[in-house]
Structures are given as structure tokens and as C-alpha cells.
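Structure file final11.cif with mmCIF, C-alpha atoms:
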data_structure
loop_
_atom_site.label_atom_id
_atom_site.label_comp_id
_atom_site.auth_asym_id
_atom_site.auth_seq_id
_atom_site.Cartn_x
_atom_site.Cartn_y
_atom_site.Cartn_z
CA MET A 31 17.67 5.41 4.70
CA ALA A 32 20.87 5.84 6.68
CA LYS A 33 19.11 8.35 8.89
CA LYS A 34 16.23 5.95 9.43
CA GLU A 35 18.63 3.18 10.41
CA GLU A 36 20.23 5.52 12.91
CA LEU A 37 16.81 6.25 14.35
CA ARG A 38 16.06 2.53 14.56
CA GLN A 39 19.31 1.87 16.39
CA GLU A 40 18.48 4.57 18.90
CA PHE A 41 14.91 3.34 19.19
CA ILE A 42 15.78 -0.26 20.01
CA ARG A 43 17.68 0.99 23.03
CA THR A 44 14.58 2.63 24.50
CA PRO A 45 12.44 0.89 27.18
CA GLU A 46 9.68 -1.44 26.03
CA VAL A 47 6.97 1.00 27.07
CA VAL A 48 7.85 4.61 27.71
CA PRO A 49 5.98 7.94 27.69
CA LEU A 50 6.62 10.01 24.59
CA SER A 51 7.17 12.94 26.93
CA SER A 52 10.32 11.25 28.25
CA ASN A 53 12.05 12.37 25.07
CA HIS A 54 9.63 14.63 23.24
CA LYS A 55 11.90 15.56 20.35
CA PHE A 56 13.00 12.02 19.52
CA PHE A 57 9.60 10.37 19.80
CA SER A 58 7.83 13.20 17.97
CA LEU A 59 10.09 12.55 15.04
CA LEU A 60 9.27 8.83 15.12
CA VAL A 61 5.52 9.43 15.38
CA ALA A 62 5.61 11.97 12.56
CA LEU A 63 7.55 9.43 10.50
CA GLY A 64 5.06 6.68 11.33
CA ILE A 65 2.15 8.84 10.20
CA GLN A 66 3.94 10.14 7.13
CA GLN A 67 4.80 6.62 5.96
CA GLU A 68 1.21 5.43 6.22
CA ILE A 69 -0.45 8.29 4.36
CA GLY A 70 -1.74 7.10 0.99
CA THR A 71 -1.14 3.40 1.76
CA ILE A 72 -3.56 0.65 2.79
CA HIS A 73 -2.64 1.43 6.41
CA ASP A 74 -3.80 5.01 6.09
CA GLU A 75 -6.72 5.38 8.49
CA PHE A 76 -6.63 9.15 8.17
CA SER A 77 -7.80 8.98 4.56
CA VAL A 78 -10.86 6.93 5.56
CA PHE A 79 -12.30 10.02 7.20
CA LEU A 80 -11.18 12.64 4.70
CA PHE A 81 -13.85 14.14 2.43
CA ASP A 82 -13.98 16.97 -0.07
CA GLY A 83 -15.62 19.96 1.63
CA LYS A 84 -16.98 21.19 -1.69
CA THR A 85 -18.63 18.06 -3.07
CA GLY A 86 -19.02 15.92 0.06
CA GLN A 87 -17.30 13.09 -1.79
CA LYS A 88 -14.60 10.92 -0.33
CA ILE A 89 -11.11 12.01 -1.36
CA PRO A 90 -9.29 9.09 -2.99
CA ARG A 91 -6.43 7.83 -0.87
CA GLU A 92 -4.11 7.96 -3.86
CA ARG A 93 -4.42 11.76 -3.94
CA LEU A 94 -2.90 12.21 -0.52
CA ARG A 95 0.65 13.41 -0.03
CA SER A 96 2.71 13.90 3.11
CA GLU A 97 6.06 15.14 4.26
CA LEU A 98 7.95 15.64 7.48
CA ILE A 99 8.34 19.23 8.56
CA GLU A 100 10.22 21.11 11.22
CA TYR A 101 9.14 24.38 12.84
CA ARG A 102 11.04 26.09 15.62
CA GLY A 103 12.44 22.83 16.87
CA TYR A 104 9.14 20.91 16.62
CA THR A 105 8.92 18.00 14.20
CA GLY A 106 5.60 17.50 12.47
CA VAL A 107 3.87 16.06 9.47
CA ARG A 108 2.11 17.94 6.68
CA ILE A 109 -0.64 16.15 4.78
CA TRP A 110 -2.41 17.48 1.73
CA ALA A 111 -4.56 16.17 -1.12
CA GLU A 112 -3.61 16.88 -4.71
CA GLY A 113 -6.40 18.91 -6.37
CA PHE A 114 -8.35 19.54 -3.15
CA ASP A 115 -8.21 22.70 -1.06
CA ASP A 116 -11.24 22.22 1.19
CA LEU A 117 -10.70 19.20 3.43
CA ASP A 118 -13.53 17.87 5.58
CA LEU A 119 -12.32 15.69 8.47
CA ARG A 120 -15.18 13.49 9.57
CA VAL A 121 -13.96 12.47 13.01
CA ARG A 122 -14.85 14.37 16.15
CA GLY A 123 -11.88 15.97 17.87
CA LEU A 124 -9.46 15.71 14.98
CA ARG A 125 -9.62 19.41 14.11
CA THR A 126 -8.34 20.38 17.54
CA LEU A 127 -5.18 18.39 16.86
CA LEU A 128 -4.38 20.44 13.75
CA HIS A 129 -1.99 23.33 13.99
CA PRO A 130 -4.52 26.15 13.47
CA GLU A 131 -2.27 28.60 11.70
CA PHE A 132 -0.81 26.14 9.21
CA SER A 133 -3.96 24.13 8.53
CA PHE A 134 -6.83 26.60 8.29
CA ALA A 135 -7.32 29.29 5.64
CA GLU A 136 -8.68 32.68 6.69
CA ASP A 137 -12.19 31.66 5.60
CA GLY A 138 -12.10 28.63 7.91
CA ARG A 139 -11.37 25.99 5.28
CA ILE A 140 -8.86 23.30 6.07
CA PHE A 141 -6.51 23.39 3.09
CA GLN A 142 -3.89 21.06 4.55
CA CYS A 143 -3.38 19.13 7.77
CA VAL A 144 -0.37 19.90 9.92
CA PHE A 145 0.17 17.86 13.07
CA PHE A 146 2.90 18.17 15.67
CA PRO A 147 3.04 15.01 17.81
CA GLU A 148 4.67 16.85 20.69
CA ILE A 149 1.71 19.21 20.95
CA ILE A 150 -0.74 16.34 20.51
CA THR A 151 0.95 14.53 23.39
CA LYS A 152 0.39 17.60 25.55
CA ILE A 153 -3.25 17.91 24.47
CA ALA A 154 -3.85 14.29 25.52
CA ALA A 155 -2.16 15.01 28.84
CA LEU A 156 -4.70 17.77 29.44
CA GLU A 157 -7.31 14.98 29.40
CA GLY A 158 -5.29 12.87 31.83
CA VAL A 159 -4.04 10.43 29.19
CA GLU A 160 -0.42 9.60 28.54
CA LEU A 161 0.72 8.87 24.99
CA VAL A 162 3.43 6.23 24.95
CA SER A 163 5.87 4.33 22.79
CA VAL A 164 5.47 0.57 22.77
CA ARG A 165 8.73 -0.57 21.27
CA PRO A 166 7.68 -3.93 19.79
CA TRP A 167 4.75 -2.28 18.02
CA GLY A 168 6.97 0.56 16.81
CA ILE A 169 9.47 -1.93 15.44
CA ASN A 170 6.64 -3.79 13.75
CA THR A 171 5.20 -0.65 12.17
CA VAL A 172 7.55 2.32 11.83
CA PHE A 173 10.67 0.20 11.37
CA GLY A 174 9.38 -3.28 10.69
CA GLY A 175 10.50 -3.76 7.13
CA PHE A 176 7.58 -1.49 6.39
CA ASP A 177 5.79 -2.51 3.23
CA PRO A 178 2.89 -0.19 2.38
CA LYS A 179 1.16 -2.97 0.46
CA LYS A 180 1.20 -5.54 3.21
CA SER A 181 -0.44 -6.10 6.52
CA TYR A 182 1.70 -5.46 9.59
CA TYR A 183 1.09 -8.91 10.94
CA GLN A 184 2.35 -11.55 8.57
CA GLY A 185 1.36 -15.18 8.94
CA SER A 186 2.37 -15.82 12.49
CA MET A 187 0.29 -13.13 14.14
CA TRP A 188 -0.84 -15.71 16.70
CA GLU A 189 2.59 -15.41 18.27
CA PHE A 190 1.84 -11.82 19.16
CA ILE A 191 -1.64 -12.06 20.50
CA ASN A 192 -1.24 -13.15 24.09
CA LEU A 193 1.50 -10.66 24.77
CA ASP A 194 -0.39 -7.93 22.99
CA ALA A 195 -3.60 -8.66 24.87
CA ILE A 196 -1.85 -8.39 28.23
CA ARG A 197 0.17 -5.39 27.15
CA TYR A 198 -2.88 -3.62 25.77
CA SER A 199 -5.01 -4.16 28.86
CA ARG A 200 -2.16 -2.88 31.01
CA LEU A 201 -1.97 0.27 28.90
CA LEU A 202 -5.67 0.87 29.47
CA GLU A 203 -5.25 0.28 33.17
CA GLN A 204 -2.53 2.92 33.26
CA LYS A 205 -4.43 5.49 31.14
CA ARG A 206 -1.98 5.11 28.33
CA ILE A 207 -2.45 5.19 24.57
CA VAL A 208 0.19 4.06 22.14
CA PHE A 209 0.85 6.66 19.46
CA TRP A 210 2.57 5.43 16.32
CA GLY A 211 0.44 6.09 13.31
CA THR A 212 -2.78 7.17 11.67
CA HIS A 213 -4.96 4.65 13.53
CA ASP A 214 -3.82 5.94 16.90
CA LEU A 215 -4.22 9.54 15.78
CA VAL A 216 -7.67 9.22 14.26
CA SER A 217 -9.29 6.50 16.35
CA HIS A 218 -7.80 6.91 19.82
CA VAL A 219 -6.36 10.37 20.33
CA ALA A 220 -8.86 12.52 18.44
CA GLY A 221 -11.68 13.31 20.84
CA VAL A 222 -10.01 11.72 23.88
CA LYS A 223 -11.91 12.61 27.05
CA ARG A 224 -10.95 12.39 30.70
CA SER A 225 -14.48 11.34 31.72
CA ALA A 226 -14.24 8.01 29.85
CA TRP A 227 -11.12 6.79 31.58
CA PRO A 228 -12.27 5.65 35.00
CA GLU A 229 -14.30 2.91 33.30
CA LEU A 230 -11.59 2.09 30.75
CA THR A 231 -9.04 1.86 33.53
CA ALA A 232 -11.22 -0.55 35.48
CA ARG A 233 -11.86 -2.69 32.41
CA GLY A 234 -8.17 -2.70 31.56
CA LYS A 235 -7.24 -3.89 35.03
CA ALA A 236 -9.89 -6.59 35.06
CA ALA A 237 -8.78 -7.86 31.64
CA ARG A 238 -5.09 -7.78 32.56
CA LEU A 239 -5.70 -9.83 35.72
CA LEU A 240 -7.86 -12.26 33.76
CA PHE A 241 -5.25 -12.77 31.02
CA GLU A 242 -2.40 -13.19 33.50
CA ASP A 243 -4.35 -15.88 35.30
CA TYR A 244 -5.61 -17.56 32.11
CA PHE A 245 -2.16 -17.75 30.53
CA ALA A 246 -0.22 -18.24 33.77
CA GLY A 247 3.14 -19.88 33.11
CA LEU A 248 2.70 -19.89 29.34
CA SER A 249 4.85 -17.89 26.97
CA GLN A 250 3.10 -19.07 23.83
CA PRO A 251 -0.45 -20.37 24.17
CA ALA A 252 -2.00 -22.32 21.31
CA ALA A 253 -4.19 -20.50 18.83
CA ILE A 254 -7.34 -22.14 20.18
CA ALA A 255 -6.78 -20.40 23.52
CA LEU A 256 -6.18 -17.04 21.86
CA VAL A 257 -9.40 -16.60 19.92
CA LEU A 258 -11.52 -15.38 22.85
CA PRO A 259 -8.79 -13.10 24.28
CA TYR A 260 -8.23 -11.69 20.83
CA ALA A 261 -11.91 -10.84 20.46
CA LEU A 262 -11.91 -9.32 23.92
CA GLY A 263 -8.81 -7.24 23.17
CA MET A 264 -10.35 -6.05 19.96
CA LEU A 265 -13.52 -4.88 21.67
CA LEU A 266 -11.51 -3.18 24.42
CA ASP A 267 -9.67 -1.37 21.63
CA ASP A 268 -13.08 -0.40 20.23
CA LEU A 269 -14.19 0.97 23.60
CA ALA A 270 -11.00 3.01 23.87
CA GLN A 271 -11.96 4.80 20.66
CA PRO A 272 -13.68 8.06 21.66
CA MET A 273 -16.35 7.58 19.02
CA ASN A 274 -17.33 4.36 20.86
CA TYR A 275 -17.00 5.49 24.46
CA GLU A 276 -20.75 5.20 24.97
CA SER A 277 -21.30 1.87 23.19
CA GLN A 278 -23.54 -0.23 25.44
CA SER A 279 -23.59 -3.23 23.11
CA ARG A 280 -19.79 -3.44 23.16
CA ARG A 281 -19.72 -3.19 26.94
CA TYR A 282 -22.21 -6.03 27.20
CA VAL A 283 -20.29 -8.35 24.87
CA VAL A 284 -17.00 -7.48 26.60
CA ASP A 285 -18.52 -8.56 29.92
CA LEU A 286 -19.77 -11.81 28.41
CA LEU A 287 -16.41 -12.58 26.82
CA MET A 288 -14.64 -12.02 30.12
CA GLU A 289 -17.06 -14.34 31.85
CA THR A 290 -16.57 -17.02 29.18
CA ILE A 291 -12.79 -16.86 29.49
CA ARG A 292 -13.06 -16.91 33.27
CA THR A 293 -15.15 -20.08 33.26
CA ARG A 294 -12.48 -21.90 31.17
CA ARG A 295 -14.89 -23.32 28.64
CA ILE A 296 -11.79 -23.10 26.51
CA GLU A 297 -8.69 -23.85 28.54
CA GLY A 298 -5.90 -21.29 28.44
CA HIS A 299 -3.42 -24.15 28.51
CA SER A 300 -5.08 -26.18 25.76
CA ASN A 301 -2.62 -27.60 23.26
CA ALA A 302 -5.15 -28.59 20.61
CA TYR A 303 -4.63 -27.61 16.99
CA LEU A 304 -7.26 -25.33 15.56
CA LEU A 305 -8.13 -26.32 12.01
CA LYS A 306 -10.47 -23.50 11.14
CA TYR A 307 -11.10 -20.00 12.39
CA PRO A 308 -14.59 -20.00 13.95
CA PRO A 309 -17.07 -17.90 11.94
CA SER A 310 -19.05 -16.97 15.04
CA VAL A 311 -16.27 -14.58 16.02
CA GLU A 312 -17.21 -12.31 13.17
CA LYS A 313 -20.90 -12.50 14.03
CA LEU A 314 -20.17 -11.67 17.66
CA ILE A 315 -18.00 -8.68 16.74
CA PHE A 316 -20.65 -7.37 14.36
CA LEU A 317 -23.26 -7.73 17.07
CA ALA A 318 -21.10 -5.88 19.60
CA ARG A 319 -20.57 -3.13 17.06
CA SER A 320 -24.25 -2.84 16.18
CA ASP A 321 -24.87 -0.40 19.04
CA ASP A 322 -28.16 -2.23 19.46
CA LEU A 323 -28.23 -3.26 23.10
CA ALA A 324 -31.56 -5.07 22.89
CA LYS A 325 -30.27 -7.19 20.04
CA ALA A 326 -27.04 -7.87 21.93
CA HIS A 327 -29.05 -8.99 24.95
CA ALA A 328 -31.08 -11.30 22.76
CA GLU A 329 -28.29 -12.85 20.70
CA ALA A 330 -24.85 -12.51 22.30
CA LYS A 331 -25.05 -15.44 24.72
CA GLY A 332 -26.18 -17.77 21.95
CA LEU A 333 -23.37 -16.61 19.68
CA LEU A 334 -20.79 -17.13 22.40
CA HIS A 335 -22.16 -20.61 22.99
CA ASP A 336 -21.81 -21.30 19.26
CA LEU A 337 -18.31 -19.86 19.26
CA VAL A 338 -17.14 -22.14 22.06
CA ALA A 339 -18.76 -25.12 20.34
CA GLU A 340 -16.97 -24.24 17.09
CA LEU A 341 -13.64 -23.99 18.87
CA HIS A 342 -14.15 -27.50 20.22
CA SER A 343 -15.41 -28.98 17.01
CA PHE A 344 -12.76 -27.36 14.81
CA SER A 345 -9.85 -28.54 16.93
CA ILE A 346 -7.78 -31.66 17.21
CA LEU A 347 -5.33 -33.01 19.75
CA ARG A 348 -2.33 -35.09 18.82
CA ALA A 349 -2.57 -38.06 21.12
CA SER A 350 1.13 -38.68 21.49
CA MET O 54 -17.84 -28.61 29.33
CA LYS O 55 -17.36 -32.35 29.22
CA ASN O 56 -15.66 -33.27 25.99
CA ILE O 57 -16.48 -36.41 24.13
CA HIS O 58 -13.21 -37.77 22.81
CA LYS O 59 -13.21 -39.69 19.60
CA THR O 60 -10.07 -41.45 18.49
CA LEU O 61 -9.29 -41.23 14.83
CA ALA O 62 -6.62 -43.33 13.23
CA ILE O 63 -4.54 -41.71 10.57
CA THR O 64 -1.60 -43.51 9.07
CA GLY O 65 0.29 -44.33 12.17
CA VAL O 66 -0.80 -41.53 14.46
CA ASN O 67 -3.80 -41.21 16.70
CA LEU O 68 -5.58 -37.92 16.75
CA ILE O 69 -8.40 -37.00 19.03
CA ALA O 70 -11.25 -34.85 17.91
CA LEU O 71 -12.50 -32.62 20.68
CA GLY O 72 -16.12 -31.99 21.33
CA THR O 73 -19.10 -33.28 19.51
CA GLY O 74 -18.50 -31.48 16.25
CA THR O 75 -17.10 -32.34 12.90
CA ALA O 76 -13.35 -32.01 13.29
CA ASP O 77 -11.77 -34.46 10.94
CA ALA O 78 -8.23 -35.60 11.51
CA THR O 79 -7.62 -35.90 7.81
CA THR O 80 -8.02 -32.14 7.57
CA LEU O 81 -4.76 -31.67 9.42
CA GLN O 82 -3.05 -34.06 7.05
CA VAL O 83 -4.43 -32.13 4.09
CA ILE O 84 -3.30 -28.83 5.55
CA THR O 85 0.19 -30.09 6.27
CA SER O 86 0.50 -31.48 2.77
CA ALA O 87 -0.75 -28.26 1.21
CA SER O 88 1.84 -26.38 3.22
CA GLY O 89 4.63 -28.22 1.45
CA ASN O 90 5.08 -30.78 4.19
CA PRO O 91 4.11 -34.08 2.66
CA GLY O 92 5.25 -36.04 5.70
CA HIS O 93 2.85 -37.49 8.17
CA VAL O 94 1.69 -35.49 11.14
CA ALA O 95 3.35 -37.99 13.41
CA GLN O 96 6.77 -37.14 11.99
CA MET O 97 6.44 -33.41 12.51
CA SER O 98 7.65 -31.46 15.46
CA GLU O 99 5.35 -29.38 17.62
CA GLY O 100 6.92 -26.24 16.16
CA GLN O 101 6.32 -27.37 12.58
CA LEU O 102 2.69 -28.13 13.25
CA ARG O 103 2.14 -24.85 15.10
CA ALA O 104 3.68 -22.91 12.24
CA ILE O 105 1.38 -24.62 9.78
CA GLU O 106 -1.59 -24.01 12.03
CA ALA O 107 -0.75 -20.30 12.34
CA SER O 108 -0.19 -19.84 8.64
CA HIS O 109 -3.58 -21.16 7.59
CA LEU O 110 -5.67 -19.61 10.36
CA GLU O 111 -6.49 -16.37 8.65
CA ILE O 112 -8.44 -13.97 10.81
CA PHE O 113 -11.33 -12.37 8.97
CA PRO O 114 -10.35 -8.93 7.65
CA THR O 115 -13.35 -7.40 9.38
CA CYS O 116 -12.13 -8.71 12.72
CA LYS O 117 -8.62 -7.34 12.92
CA TRP O 118 -7.37 -5.44 15.87
CA GLY O 119 -6.24 -1.87 15.42
CA HIS O 120 -8.76 -0.42 13.02
CA ALA O 121 -11.30 2.36 13.36
CA ALA O 122 -14.58 0.81 14.47
CA PHE O 123 -16.89 3.66 13.57
CA ASP O 124 -18.19 5.46 10.53
CA PRO O 125 -17.33 8.97 9.37
CA VAL O 126 -19.55 11.67 10.86
CA GLN O 127 -19.97 15.25 9.78
CA VAL O 128 -18.45 17.56 12.35
CA ALA O 129 -19.30 21.18 12.92
CA SER O 130 -16.36 23.47 13.53
CA GLU O 131 -14.59 22.72 16.79
CA THR O 132 -13.40 25.38 19.18
CA LEU O 133 -10.00 25.10 20.73
CA ALA O 134 -9.95 25.08 24.51
CA PRO O 135 -7.86 27.94 25.95
CA GLU O 136 -5.28 25.45 27.24
CA VAL O 137 -4.88 24.00 23.74
CA GLN O 138 -4.64 27.45 22.20
CA SER O 139 -1.93 28.20 24.67
CA LEU O 140 0.07 25.15 23.58
CA TYR O 141 0.04 26.31 19.97
CA GLN O 142 0.92 29.87 20.97
CA GLN O 143 3.93 28.58 22.86
CA MET O 144 5.33 27.24 19.60
CA SER O 145 5.49 30.67 18.01
#
Encoded form (C-alpha cells):
Amino acid sequence: MAKKEELRQEFIRTPEVVPLSSNHKFFSLLVALGIQQEIGTIHDEFSVFLFDGKTGQKIPRERLRSELIEYRGYTGVRIWAEGFDDLDLRVRGLRTLLHPEFSFAEDGRIFQCVFFPEIITKIAALEGVELVSVRPWGINTVFGGFDPKKSYYQGSMWEFINLDAIRYSRLLEQKRIVFWGTHDLVSHVAGVKRSAWPELTARGKAARLLFEDYFAGLSQPAAIALVLPYALGMLLDDLAQPMNYESQSRRYVVDLLMETIRTRRIEGHSNAYLLKYPPSVEKLIFLARSDDLAKAHAEAKGLLHDLVAELHSFSILRAS
Amino acid sequence: MKNIHKTLAITGVNLIALGTGTADATTLQVITSASGNPGHVAQMSEGQLRAIEASHLEIFPTCKWGHAAFDPVQVASETLAPEVQSLYQQMS
């Protein structure tokens, strides 16, 4: 614990957003720690895609183990599953992030998973993408009073959203991916491709400009004004996942959300109190994720109309 | 959108419901009471009310940022590009 506190003290002195390559050894240790801490917990996204190569069955999360390792000056993380020696990773691109010598048996089986964040950072760079540290997110995850049983965001997550939305869109604009844990590893880095980034960059820039204008002069918008940006940020995060690079239905709903925010049907500066989270958000997200463009064309505008109507009808202003 | 404002009286404080929907000012009073704040809305600070609002607005678990938004797929063996092989060789 003393060592971790020392790391935290050093970490809080780093810039808010900085490439991992600026201090490969230090940040590789933090990333390896972030991944190692999540393995086997509810935050473990790696386990979601881990199957038994022999039976085809999902490997229970509780069987996973992990430890930090060091090899010739490189810090990494070793992950294995108790009682399983044939691991099937069901995400495209994840195998190429494994250290081949330490992860594969001679017959081609994956018997354990060994990752070195420094090497992964260089693999991403080959695709023109920069892996970065975002300090507030690192504090919230790797060092944030980490409780494996709890969600990262506790209660007041609305305080984070506007800053996160702007920060996230700026990262996209700059071809940057934050790399702190299993979600980033599995969903964003595995399978990363240079060809997807011109569009992601353009979308990131457009969203960043939109948010800056929408929230101009505000440090803490009300929750009612954050629902649409949150949904937009979430779908941009979806599109930045290589498995979703080609998702036309997401692209369509992203465009509609941007248009709805732009037209101020919900004011960015609204100070109403939102009494209920609008259920149409979930329907809209499901529709975007359906990968059914015809259905999205048919239903998305109506759902967005309903969503705006719910935001109005579920909110109240204090008169004075 | 042109909002229709409806003034609702609630024990000493006027609240305005926005839009044409069903927002009920008493809901806020119920929420504040359930949050351990039995006082009237009128007596609460902006910060108190915002904290109560944030604490009860639970985002649906299926709609949380930062999760994989795809299903597992079976993957055939993947070949390392020469540049990637080179990175691993440099470690040895």
C-alpha cells in the first residue's frame, strides 16, 4: 500500500492529459496495475470475452487471477484462469496484444495472457493512435479509493459528465485513447485501425465544438442539460470501439443527437430540476446499437422527440 | 419549443412545471423528504437540491458510458504484423 501511495503522489503531479510514451516505464506500471486490479471484479471487461477453448463455455470471472510482472525492465500483467489451460479470447485484435512467447503454448493454445502496456502503446502508435493518461479518470479508477464491488461513479456522476463529454470528444479529435484498464484494453485498443480515425477525428471535433458552445460559461450544468450530451458521448465511445467502427445505425443516431443539441430544444443553460431519468434514452441507445439502419431511420427521430418531451415533462423550475 | 408554464403552489414555494407533461411539484417534495431532508424545498439551497437531484437520478445500467458495446465473436488465429513482431523481439 505504501508503494501505491507513492505512485499516487507521483501521479497527481503529472499533467491532466499526457501521452503514456512521455514516461513509458511509469505509466506502464500504472496501466498494468489498473488492469490487474480489475481482473475478477465487476469492472473486469476482459473476462466478458474469455471462453474455454475446450468446451466453448464462458470462463467464470471468479476463476481469473492476475499479478504484476517485470521482464527486462518492462512492467506487465499476467492473467490466468484457475483450472483452464486453453483460453479463447473472443475479441478481434486482442491476440496481437499478447506477448507471444509468454502467452501461447507450442501447439498454439493460449494458456495465459501476458500484456506489456509499453508494447501495446507502441502497437497503437503503429496505427496512428496515441494512448494517453487522463489524470482525473486515473484517480477515479486506479487510485480512486478503488472498491471492486462498487461502480466508479458514485451518486454524483452528473458532476463529471460535462467535463468528461468535452474531454472525451477532444481526445477523439486528437486521435487519442485513454488507457487505464480492461475496458480500454478490450474495447478500444484491441483491433484499433488507422483507417477509422479520419471519421472519428472529425466527429470528435464537431462534438467538442458543439459542447463548448452549448455549455459556454458554465462549469456545472444542470442534469437536464446533460442527458443528451451524455447519450452522445456514450455513442461516440461506442463508435471508437473497433468492433463498432462500421456501425451505420450508431452514426445516424449520433448525427441526430448532435442536431437536437444544436437546436437547443433543451437549453444548455437550463436550471430546471430533473425528477426522473427519461426512459427514452435507453430505447434510443438500444436502437443505435441495433445495427439496423432501416429501423433507425424509421424510429430514431420519433424517439428523440419523445426524449425531449420527457425531459420537459419530468422537470421542474423553482420560481424564486 | 414553446413551453407552457403551469404554476403549482406547494407550501410556501411556487414551482413551475415545464412543458405539457405530468411533472408534479409534490414529487420534488417527496424526493427531498426521502433523502432525509424533511424541510420544504423553499428552505433548501441550490446545492442541497442539486445534490438530491443527482443522488436519485440513477442512469440505467444498460446506458452507462465506458462499457463494451458489442458481443463476443469467435476469432480465428491472428497473425502478427512484422512491425509488431519486431516490438516483441526488441524486448528479448
Notebook entry, point to check: Out of A:Gln278, A:Ala328, A:Leu119, A:Ile149, which residue has the shortest atom-to-atom distance to Asp124 of chain O when counting all atoms listed in the file?
Noted result: A:Leu119
Check: Which residues come within 12 Å of Leu334 of chain A, counting all atoms listed in the file, excluding same-chain residues fewer than 6 positions away, as a ChimeraX atom specification?
Finding: /A:257-258,261-262,283-291,295-296,308-315,317-318,326-328,340-341
Note to self: Would you compute the distance between atom CA of Tyr244 of chain A and atom CA of Pro259 of chain A? Give it in Å to one decimal.
What the structure shows: 9.6 Å
Check: Leu133 of chain O: which residues within 12 Å, counting all atoms listed in the file, same-chain residues fewer than 6 positions away excluded, as a list of chain:residue names?
Finding: A:Gly123, A:Leu124, A:Arg125, A:Thr126, A:Leu127, A:Leu128, A:His129, A:Pro130, A:Ile153, A:Gly221, O:Ser139, O:Leu140, O:Tyr141, O:Gln142
Target residues per the PyMOL selection byres ((chain A and resi 204) around 12), formatted as a tab-separated table (two decimals) with C-alpha atoms, in the coordinates of the input:
chain	number	residue	atom	x	y	z
A	47	VAL	CA	6.97	1.00	27.07
A	48	VAL	CA	7.85	4.61	27.71
A	49	PRO	CA	5.98	7.94	27.69
A	158	GLY	CA	-5.29	12.87	31.83
A	159	VAL	CA	-4.04	10.43	29.19
A	160	GLU	CA	-0.42	9.60	28.54
A	161	LEU	CA	0.72	8.87	24.99
A	162	VAL	CA	3.43	6.23	24.95
A	197	ARG	CA	0.17	-5.39	27.15
A	198	TYR	CA	-2.88	-3.62	25.77
A	199	SER	CA	-5.01	-4.16	28.86
A	200	ARG	CA	-2.16	-2.88	31.01
A	201	LEU	CA	-1.97	0.27	28.90
A	202	LEU	CA	-5.67	0.87	29.47
A	203	GLU	CA	-5.25	0.28	33.17
A	205	LYS	CA	-4.43	5.49	31.14
A	206	ARG	CA	-1.98	5.11	28.33
A	207	ILE	CA	-2.45	5.19	24.57
A	208	VAL	CA	0.19	4.06	22.14
A	227	TRP	CA	-11.12	6.79	31.58
A	228	PRO	CA	-12.27	5.65	35.00
A	229	GLU	CA	-14.30	2.91	33.30
A	230	LEU	CA	-11.59	2.09	30.75
A	231	THR	CA	-9.04	1.86	33.53
A	232	ALA	CA	-11.22	-0.55	35.48
A	233	ARG	CA	-11.86	-2.69	32.41
A	234	GLY	CA	-8.17	-2.70	31.56
A	235	LYS	CA	-7.24	-3.89	35.03
A	238	ARG	CA	-5.09	-7.78	32.56
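Proximity ranking of A:Arg122, A:Arg292, A:Arg38, A:Lys33 relative to chain O places A:Arg122 first, based on all atoms listed in the file.
We find atom CA of His299 of chain A and atom CA of Ala253 of chain A to be spaced 10.4 Å apart.
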Next item on the list: Enter the distance from atom CA of Trp118 of chain O to atom CA of Gln87 of chain A, in Å, rounded to one decimal.
Entry: 27.5 Å
Note to self: Taking all atoms listed in the file into account, name the residue in A:Ile140, A:Leu256, A:Ala226, A:Val121 that is nearest to chain O.
What the structure shows: A:Val121
Margin query: For a quick check of understanding, using all atoms listed in the file, which of A:Thr105, A:Ser58, A:Gln142, A:Thr44 has the smallest distance to chain O?
Written below: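 Closest candidate: A:Thr105.
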